[in-house]
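What follows is one structure encoded as structure tokens, with my remarks underneath.
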Number of protein chains: 2
Amino acid sequence: MLSRCKSLAAAIPGCRPVSSFSLPSSSSIPRTSPALSLPHSHSRTLSASARMSNFKQEPHKLLVIPGPIEVTDEVLYANAHPSMSHVSPDFIPVFGDCIRMIREVLFAGPQAQPFIISGSGTLGWDQVSANLVEPGESVLVLNSGYFGDSFADCLRTYGAVVDELHAPFGTAVELSSLEAALKSKKYKLVTFTHVDTSTGVLSDAKGIAEVVKSASPETLVALDGVCSVASEEIQMDAWGIDVVLTASQKGLGVPPGLSILVASEKAMKVFEARKSPVTSYYGSWKKWLPIMRAYENGSAAYFATPPVNLIYAFHTSLTQLTKRAPSLQERFALHREASARVKKAAEELGLRQLPLDSKYAANGMTALYFPDGLVASDLLPRLGKRDVIVAGGLHKDHKEKYFRIGHMGVSVVDKMRGDIDKVIAALKESLAEAKASKNV
Amino acid sequence: MLSRCKSLAAAIPGCRPVSSFSLPSSSSIPRTSPALSLPHSHSRTLSASARMSNFKQEPHKLLVIPGPIEVTDEVLYANAHPSMSHVSPDFIPVFGDCIRMIREVLFAGPQAQPFIISGSGTLGWDQVSANLVEPGESVLVLNSGYFGDSFADCLRTYGAVVDELHAPFGTAVELSSLEAALKSKKYKLVTFTHVDTSTGVLSDAKGIAEVVKSASPETLVALDGVCSVASEEIQMDAWGIDVVLTASQKGLGVPPGLSILVASEKAMKVFEARKSPVTSYYGSWKKWLPIMRAYENGSAAYFATPPVNLIYAFHTSLTQLTKRAPSLQERFALHREASARVKKAAEELGLRQLPLDSKYAANGMTALYFPDGLVASDLLPRLGKRDVIVAGGLHKDHKEKYFRIGHMGVSVVDKMRGDIDKVIAALKESLAEAKASKNV
């Protein structure tokens with residue numbers, strides 16, 4: 001059928017090859033109404049290709065874990081794009097647009113260098129460790145959970161000398177501790193987990209960057225934004241963040257499979273001045289920098305085959321994020337609003353949050369202890385029965401004691417979906433049922 | 001619409017959550033007719049999900065480059081699977097099936113260890129270099145083109161001492177040279193590019209493994225199968241290949257984004273016996289081995305979020321490859337047959353192949369010099385006008401002189417598509433038109 005359709009492409013209206021899926025020019029797309037409430041957002045954010053197809057994803061249970069998150073039909077349809085050459089003139093501007101648009105999401109200027117690479121978010125740690133740190137150099141890891149441990153492990157693998165500041169469980173590292181550490185020793189790099197997916201603990205990105213700039217201005221600041229980009233505000237330039245690393249499957253609203261990193265001009269200068277060879281091959285910016293520059297400049301270059309379909313999906317999502325209503329600032333407000341609703345409902349149900357204070361609580365997820373007498377198997381299957389999928393605990397010392405709800409992306413931005421209402425209602429019912437069954 | 005559909009899921013027939021996309025048991029699926037010619041293969045290979053949706057990919061130009069290749073509607077539809085948790089009981093067996101089925105494609109026994117990781121094929125080189133070689137150990141690279149250079153570069157990045165045997169352009173390394181090298185020096189590992197995508201040169205995998213086993217039985221043999229897996233026969237166990245590394249977007253018929261590697265029991269023992277730490281984090285088998293074992297055994301474990309949608313797509317393609325007609329051996333025969341047709345047509349048109357002898361010519365692609373007086377811009381746009389996308393040259397010393405046609409996967413297996421006929425017809429017409437325009 002396909003080949004017949006292709007051979008008749010010229011003759012049949014509506015059966016023509018798709019040759020200009022990419023948006024012709026980012027700036028030519030008008031932003032629609034900036035209203036926070038979006039009764040018709042679904043139809044207003046339809047991309048060209050989805051309008052053509054009216055593709056609808058399969059009915060499924062609502063996925064509200066802290067990533068992967070629910071993604072739009074338009075993004076999934078882009079992920080089902082027919083095979084395309086990675087050097088096709090049709091694909092090159094799509095990749096180039098992604099490089100440009102991810103800067104917008106992070107409020108980074110044109111000097112910031114994005115890297116969009118096939119891989120998991122974890123690969124971002126390798127990129128930082130292998131490109132920005134030379135063996136024997138010192139790094140300070142602000143450790144607020146599982147992902148701080150892992151980032152430190154990665155840095156050590158590539159030869160860094162790592163010191164860690166451990167925050168008590170449920171909190172982030174105090175800025176005063178950071179300041180003291182920076183005054184006692186010279187660090188090449190400070191890293192922190194913006195939102196630790198294992199605990200829902202939020203770190204103060206702006207505050208951390210301020211302390212580093214004041215106490216040790218040469219030190220680079222790397223933000224692990226896997227669980228924060230596009231759901232928490234990040235002002236790379238204004239705050240002075242040197243690296244933001246993330247993945248596609250959380251706030252960015254794309255299936256997993258992209259390692260996304262943006263490095264500041266200062267970080268790129270540090271990279272270019274390194275004396276020893278880069279200690280990774282697949283993660284080497286020496287290899288990737290010419291590729292990113294080529295695609296951004298409208299030509300193709302080859303190091304490894306880019307994940308073409310995921311790049312189309314990312315393009316669709318980035319277009320929704322940066323060229324459509326609501327604006328990024330409005331999206332952050334919607335995340336705060338949804339987070340407050342979930343946390344308030346949890347409090348009313350007597351559920352205690354992992355973060356010990358609201359200043360440590362992320363806006364894209366909520367981590368909650370089970371009530372006394374209940375365990376995961378009492379609650380999670382009951383939520384599942386109501387078509388709501390949440391996540392269990394992840395932090396190694398506490399994982400049996402709590403569960404996690406993700407509220408990011410389309411689930412909070414498109415209120416007409418009713419996802420947050422559904423989560424809260426299912427939580428209420430499931431908890432009541434579980435308590436009744438155990439006489440708690 | 002989606003959320004309404006979800007909430008009514010229980011009440012509306014055909015609107016139920018998709019909870020058993022995975023095949024219940026590999027062995028329970030009968031292989032259908034083994035006929036080589038497949039008049040109805042398209043409908044016979046429909047997966048459960050595609051039958052539900054009748055999803056058809058957008059009309060598009062025929063992509064016959066040496067990867068990415070054309071993929072089936074079923075595979076693309078699986079790539080548009082709704083977001084799923086990577087630890088969902090529904091997803092775990094899908095990943096487990098992929099681990100089991102890739103062994104079948106490579107004729108590897110249950111002791112062989114697959115690694116399926118988010119990344120490009122290139123990441124397979126890092127895996128070999130960082131896990132199987134310790135800094136200072138010697139590796140012999142059989143270099144038959146661009147990808148031999150790169151593999152050597154990667155090995156050196158991780159500290160290997162690399163010797164290279166360079167084959168003259170258009171040929172593979174002679175087995176006698178390999179034997180002599182192995183007798184003159186002890187190597188931990190021999191690597192070769194099974195099909196060099198830059199030249200279409202095929203190496204004799206079985207012969208190389210035989211020579212290594214005879215001349216230096218302890219030496220490991222790593223096959224770079226990015227451009228050969230599922231289009232050229234590879235008998236891992238019978239031939240004694242220790243590593244096959246590949247990617248998803250060529251013979252395996254999936255969009256790009258998966259680094260796929262299978263290590264023999266011997267390779268895993270060498271890995272486990274290493275004395276120095278693994279020199280990569282993201283590519284470390286110490287990290288990935290527990291994950292692969294967990295998913296294969298029916299439970300989830302976390303190191304980095306797997307590319308869930310690509311795993312669904314891979315599952316669909318592996319099911320088509322290993323559980324449906326035609327069989328793998330029949331598929332290899334279909335690749336040889338299509339390759340012979342393309343190469344014969346090229347010869348009749350006076351086009352000379354890069355490989356200097358048919359024994360060096362791959363079956364999944366054809367690399368052809370432009371005739372005297374013609375260049376890429378004379379021929380490739382004319383093929384494009386006829387909706388056929390081929391690739392230009394890639395080898396750095398010769399890339400202006402030749403072009404490449406891919407003939408892998410569904411384009412050769414599903415004859416009803418008529419892809420090979422279309423390629424040959426377009427080549428004839430375009431060449432005649434180009435020659436006429438230049439008076440060649």
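Chain labels run A, B, ... following the order of the structure tokens; each chain numbers its residues from 1, and ligands are numbered from 1 in the order shown.
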
What are the nearest atom pairs, with distances in Å to one decimal, for all residues of stretch 110-169 of chain A that come at most 7 Å from stretch 238-257 of chain A, using only C-alpha atoms, set out by chain and rising residue number as JSON lines?
```
{"residue": "A:Ser118", "atom": "CA", "partner": "A:Gly257", "partner_atom": "CA", "distance": 5.9}
{"residue": "A:Gly119", "atom": "CA", "partner": "A:Gly257", "partner_atom": "CA", "distance": 5.1}
{"residue": "A:Ser120", "atom": "CA", "partner": "A:Gly257", "partner_atom": "CA", "distance": 5.3}
{"residue": "A:Gly121", "atom": "CA", "partner": "A:Ala247", "partner_atom": "CA", "distance": 4.4}
{"residue": "A:Gly124", "atom": "CA", "partner": "A:Leu245", "partner_atom": "CA", "distance": 5.5}
```

message = Using only C-alpha atoms, which protein or nucleic acid residues come within 9 Å of B:Thr316? Drop anything in the same chain fewer than 4 positions from it, and give the result as a PyMOL selection string.
response = chain B and resi 22+47+74-75+78+254+311-312+320-321

Export of the given selection (C-alpha atoms) as a short mmCIF file (atom, residue, chain, number, x, y, z; two decimals), in the first residue's frame:
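This went into result.cif:
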```cif
data_model
loop_
_atom_site.label_atom_id
_atom_site.label_comp_id
_atom_site.auth_asym_id
_atom_site.auth_seq_id
_atom_site.Cartn_x
_atom_site.Cartn_y
_atom_site.Cartn_z
CA SER B 22 4.29 -8.17 24.79
CA SER B 47 1.52 -7.26 15.20
CA GLU B 74 3.99 -1.95 12.80
CA VAL B 75 7.42 -0.89 14.05
CA ALA B 78 5.10 0.59 18.37
CA VAL B 254 14.00 0.07 13.84
CA ILE B 311 12.28 -1.02 22.98
CA TYR B 312 8.64 -1.53 21.94
CA GLN B 320 8.96 -10.08 12.70
CA LEU B 321 12.58 -11.29 12.35
#
```

Counting only C-alpha atoms, collect the residues of chain B whose closest atom lies at most 6 Å from chain A, and write them out as a compact mmCIF listing (two decimals) with N, CA, C and O atoms, in the first residue's frame.
```txt
# COMPACT_ATOMS: atom_id res chain seq x y z
N SER B 3 -8.43 11.26 27.92
CA SER B 3 -8.74 10.97 29.32
C SER B 3 -10.18 10.46 29.45
O SER B 3 -10.45 9.59 30.26
N LYS B 6 -10.02 6.97 28.61
CA LYS B 6 -9.43 6.19 29.68
C LYS B 6 -10.43 5.94 30.79
O LYS B 6 -10.54 4.84 31.29
N PRO B 17 -7.47 -0.37 28.20
CA PRO B 17 -6.03 -0.12 28.28
C PRO B 17 -5.25 -1.26 27.63
O PRO B 17 -5.65 -2.43 27.72
N VAL B 18 -4.19 -0.91 26.97
CA VAL B 18 -3.34 -1.92 26.34
C VAL B 18 -2.41 -2.46 27.40
O VAL B 18 -1.51 -1.78 27.85
N PRO B 59 3.00 8.97 3.61
CA PRO B 59 3.68 8.75 2.33
C PRO B 59 5.01 9.51 2.35
O PRO B 59 5.11 10.59 2.91
N HIS B 60 6.02 8.91 1.77
CA HIS B 60 7.35 9.54 1.80
C HIS B 60 8.21 8.95 0.70
O HIS B 60 7.88 7.91 0.13
N GLU B 70 14.10 1.84 5.53
CA GLU B 70 12.64 1.81 5.66
C GLU B 70 12.24 0.87 6.80
O GLU B 70 12.84 -0.20 6.96
N LEU B 76 6.79 1.39 13.45
CA LEU B 76 6.57 2.82 13.75
C LEU B 76 5.42 3.00 14.73
O LEU B 76 5.46 3.87 15.59
N ASN B 79 6.62 2.47 18.04
CA ASN B 79 7.42 3.62 18.47
C ASN B 79 6.54 4.77 18.97
O ASN B 79 7.00 5.68 19.65
N ALA B 80 5.26 4.72 18.59
CA ALA B 80 4.29 5.71 19.06
C ALA B 80 3.44 5.15 20.21
O ALA B 80 2.32 5.60 20.44
N SER B 83 3.18 6.58 26.60
CA SER B 83 4.23 6.53 27.62
C SER B 83 3.97 5.40 28.61
O SER B 83 2.84 5.18 29.05
N SER B 118 20.33 2.76 25.39
CA SER B 118 20.03 3.99 24.66
C SER B 118 21.33 4.60 24.15
O SER B 118 22.22 4.93 24.92
N GLY B 119 21.44 4.73 22.82
CA GLY B 119 22.66 5.27 22.23
C GLY B 119 22.75 4.94 20.76
O GLY B 119 21.91 4.21 20.22
N SER B 120 23.75 5.48 20.11
CA SER B 120 24.01 5.16 18.70
C SER B 120 24.90 3.92 18.64
O SER B 120 25.46 3.50 19.66
N THR B 122 27.79 3.69 17.61
CA THR B 122 29.11 4.11 18.06
C THR B 122 29.38 3.74 19.52
O THR B 122 30.51 3.41 19.89
N LEU B 123 28.34 3.78 20.35
CA LEU B 123 28.51 3.46 21.76
C LEU B 123 28.99 2.03 21.96
O LEU B 123 29.60 1.71 22.98
N CYS B 154 38.63 5.08 19.08
CA CYS B 154 37.89 4.83 20.33
C CYS B 154 38.72 3.97 21.28
O CYS B 154 38.84 4.27 22.47
N PRO B 256 16.69 4.80 14.56
CA PRO B 256 17.97 4.85 15.28
C PRO B 256 17.79 5.24 16.74
O PRO B 256 16.84 5.96 17.09
N GLY B 257 18.71 4.79 17.61
CA GLY B 257 18.67 5.16 19.02
C GLY B 257 18.98 4.03 19.98
O GLY B 257 18.96 4.22 21.18
N TYR B 281 31.59 5.24 32.45
CA TYR B 281 30.47 5.11 33.39
C TYR B 281 29.22 4.66 32.63
O TYR B 281 28.70 3.59 32.87
N TYR B 282 28.81 5.48 31.65
CA TYR B 282 27.58 5.15 30.92
C TYR B 282 27.71 3.83 30.15
O TYR B 282 26.73 3.13 29.94
N ALA B 304 19.78 3.60 34.25
CA ALA B 304 19.40 4.77 33.46
C ALA B 304 18.08 4.40 32.79
O ALA B 304 17.84 3.23 32.52
N PRO B 307 15.12 3.44 26.76
CA PRO B 307 14.32 4.14 25.75
C PRO B 307 13.07 3.32 25.43
O PRO B 307 13.02 2.59 24.44
N ARG B 417 6.35 -4.75 -2.03
CA ARG B 417 6.58 -3.31 -1.99
C ARG B 417 7.19 -2.81 -3.30
O ARG B 417 7.06 -1.64 -3.66
```

request  = Fewer than 5 positions away in the same chain doesn't count, so skip those; otherwise give me all residues within 9 Å of A:Lys183, counting only C-alpha atoms, as a ChimeraX atom specification.
outcome  = /A:178,215-216

Would you mind exporting the chosen residues as a tab-separated table (two decimals), in the first residue's frame, restricted to all heavy atoms?
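So out-v7.tsv came out as:
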```tsv
chain	number	residue	atom	x	y	z
A	178	LEU	N	27.92	25.22	51.51
A	178	LEU	CA	28.56	25.36	50.21
A	178	LEU	C	29.62	26.46	50.26
A	178	LEU	O	30.76	26.27	49.81
A	178	LEU	CB	27.50	25.69	49.14
A	178	LEU	CG	28.01	26.15	47.78
A	178	LEU	CD1	28.86	25.06	47.12
A	178	LEU	CD2	26.83	26.51	46.86
A	215	ALA	N	31.89	33.30	45.99
A	215	ALA	CA	32.97	32.71	46.79
A	215	ALA	C	34.11	32.15	45.95
A	215	ALA	O	35.26	32.10	46.40
A	215	ALA	CB	32.42	31.60	47.68
A	216	SER	N	33.82	31.73	44.70
A	216	SER	CA	34.85	31.09	43.88
A	216	SER	C	34.48	31.27	42.40
A	216	SER	O	34.03	30.33	41.74
A	216	SER	CB	34.94	29.61	44.24
A	216	SER	OG	35.88	28.95	43.43
```

key: alpha helix (DSSP H) residues, from DSSP on the backbone, in stretch 125-336 of chain B, as a ChimeraX atom specification   = /B:125-131,146-157,175-184,205-215,236-239,265-272,285-296,308-323,328-336

Residues within 8 Å of A:Ile424, only C-alpha atoms, excluding chain neighbours under 3 positions, as a PDB file with C-alpha atoms, in the first residue's frame:
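selection00.pdb written:
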```pdb
ATOM      1  CA  VAL A 342      -1.509  17.637  44.924  1.00  0.00           C
ATOM      2  CA  ALA A 345      -4.768  17.112  48.911  1.00  0.00           C
ATOM      3  CA  ILE A 420      -4.633  16.166  38.335  1.00  0.00           C
ATOM      4  CA  ASP A 421      -8.298  15.818  39.367  1.00  0.00           C
ATOM      5  CA  LEU A 427      -5.599   8.804  45.746  1.00  0.00           C
ATOM      6  CA  LYS A 428      -8.522   9.598  48.055  1.00  0.00           C
TER       7      LYS A 428
END
```

query = What is the distance, in Å and to one decimal place, between atom CA of A:Glu218 and atom CA of A:Val161?
reply =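 We find that atom CA of A:Glu218 and atom CA of A:Val161 lie 17.4 Å from each other.
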
inquiry  = Which residues are close to A:His407, i.e. within 7 Å by only C-alpha atoms, leaving aside same-chain residues fewer than 5 positions away? Reply as an NGL selection string.
reply    = :A and (64 or 339 or 364-365 or 412)
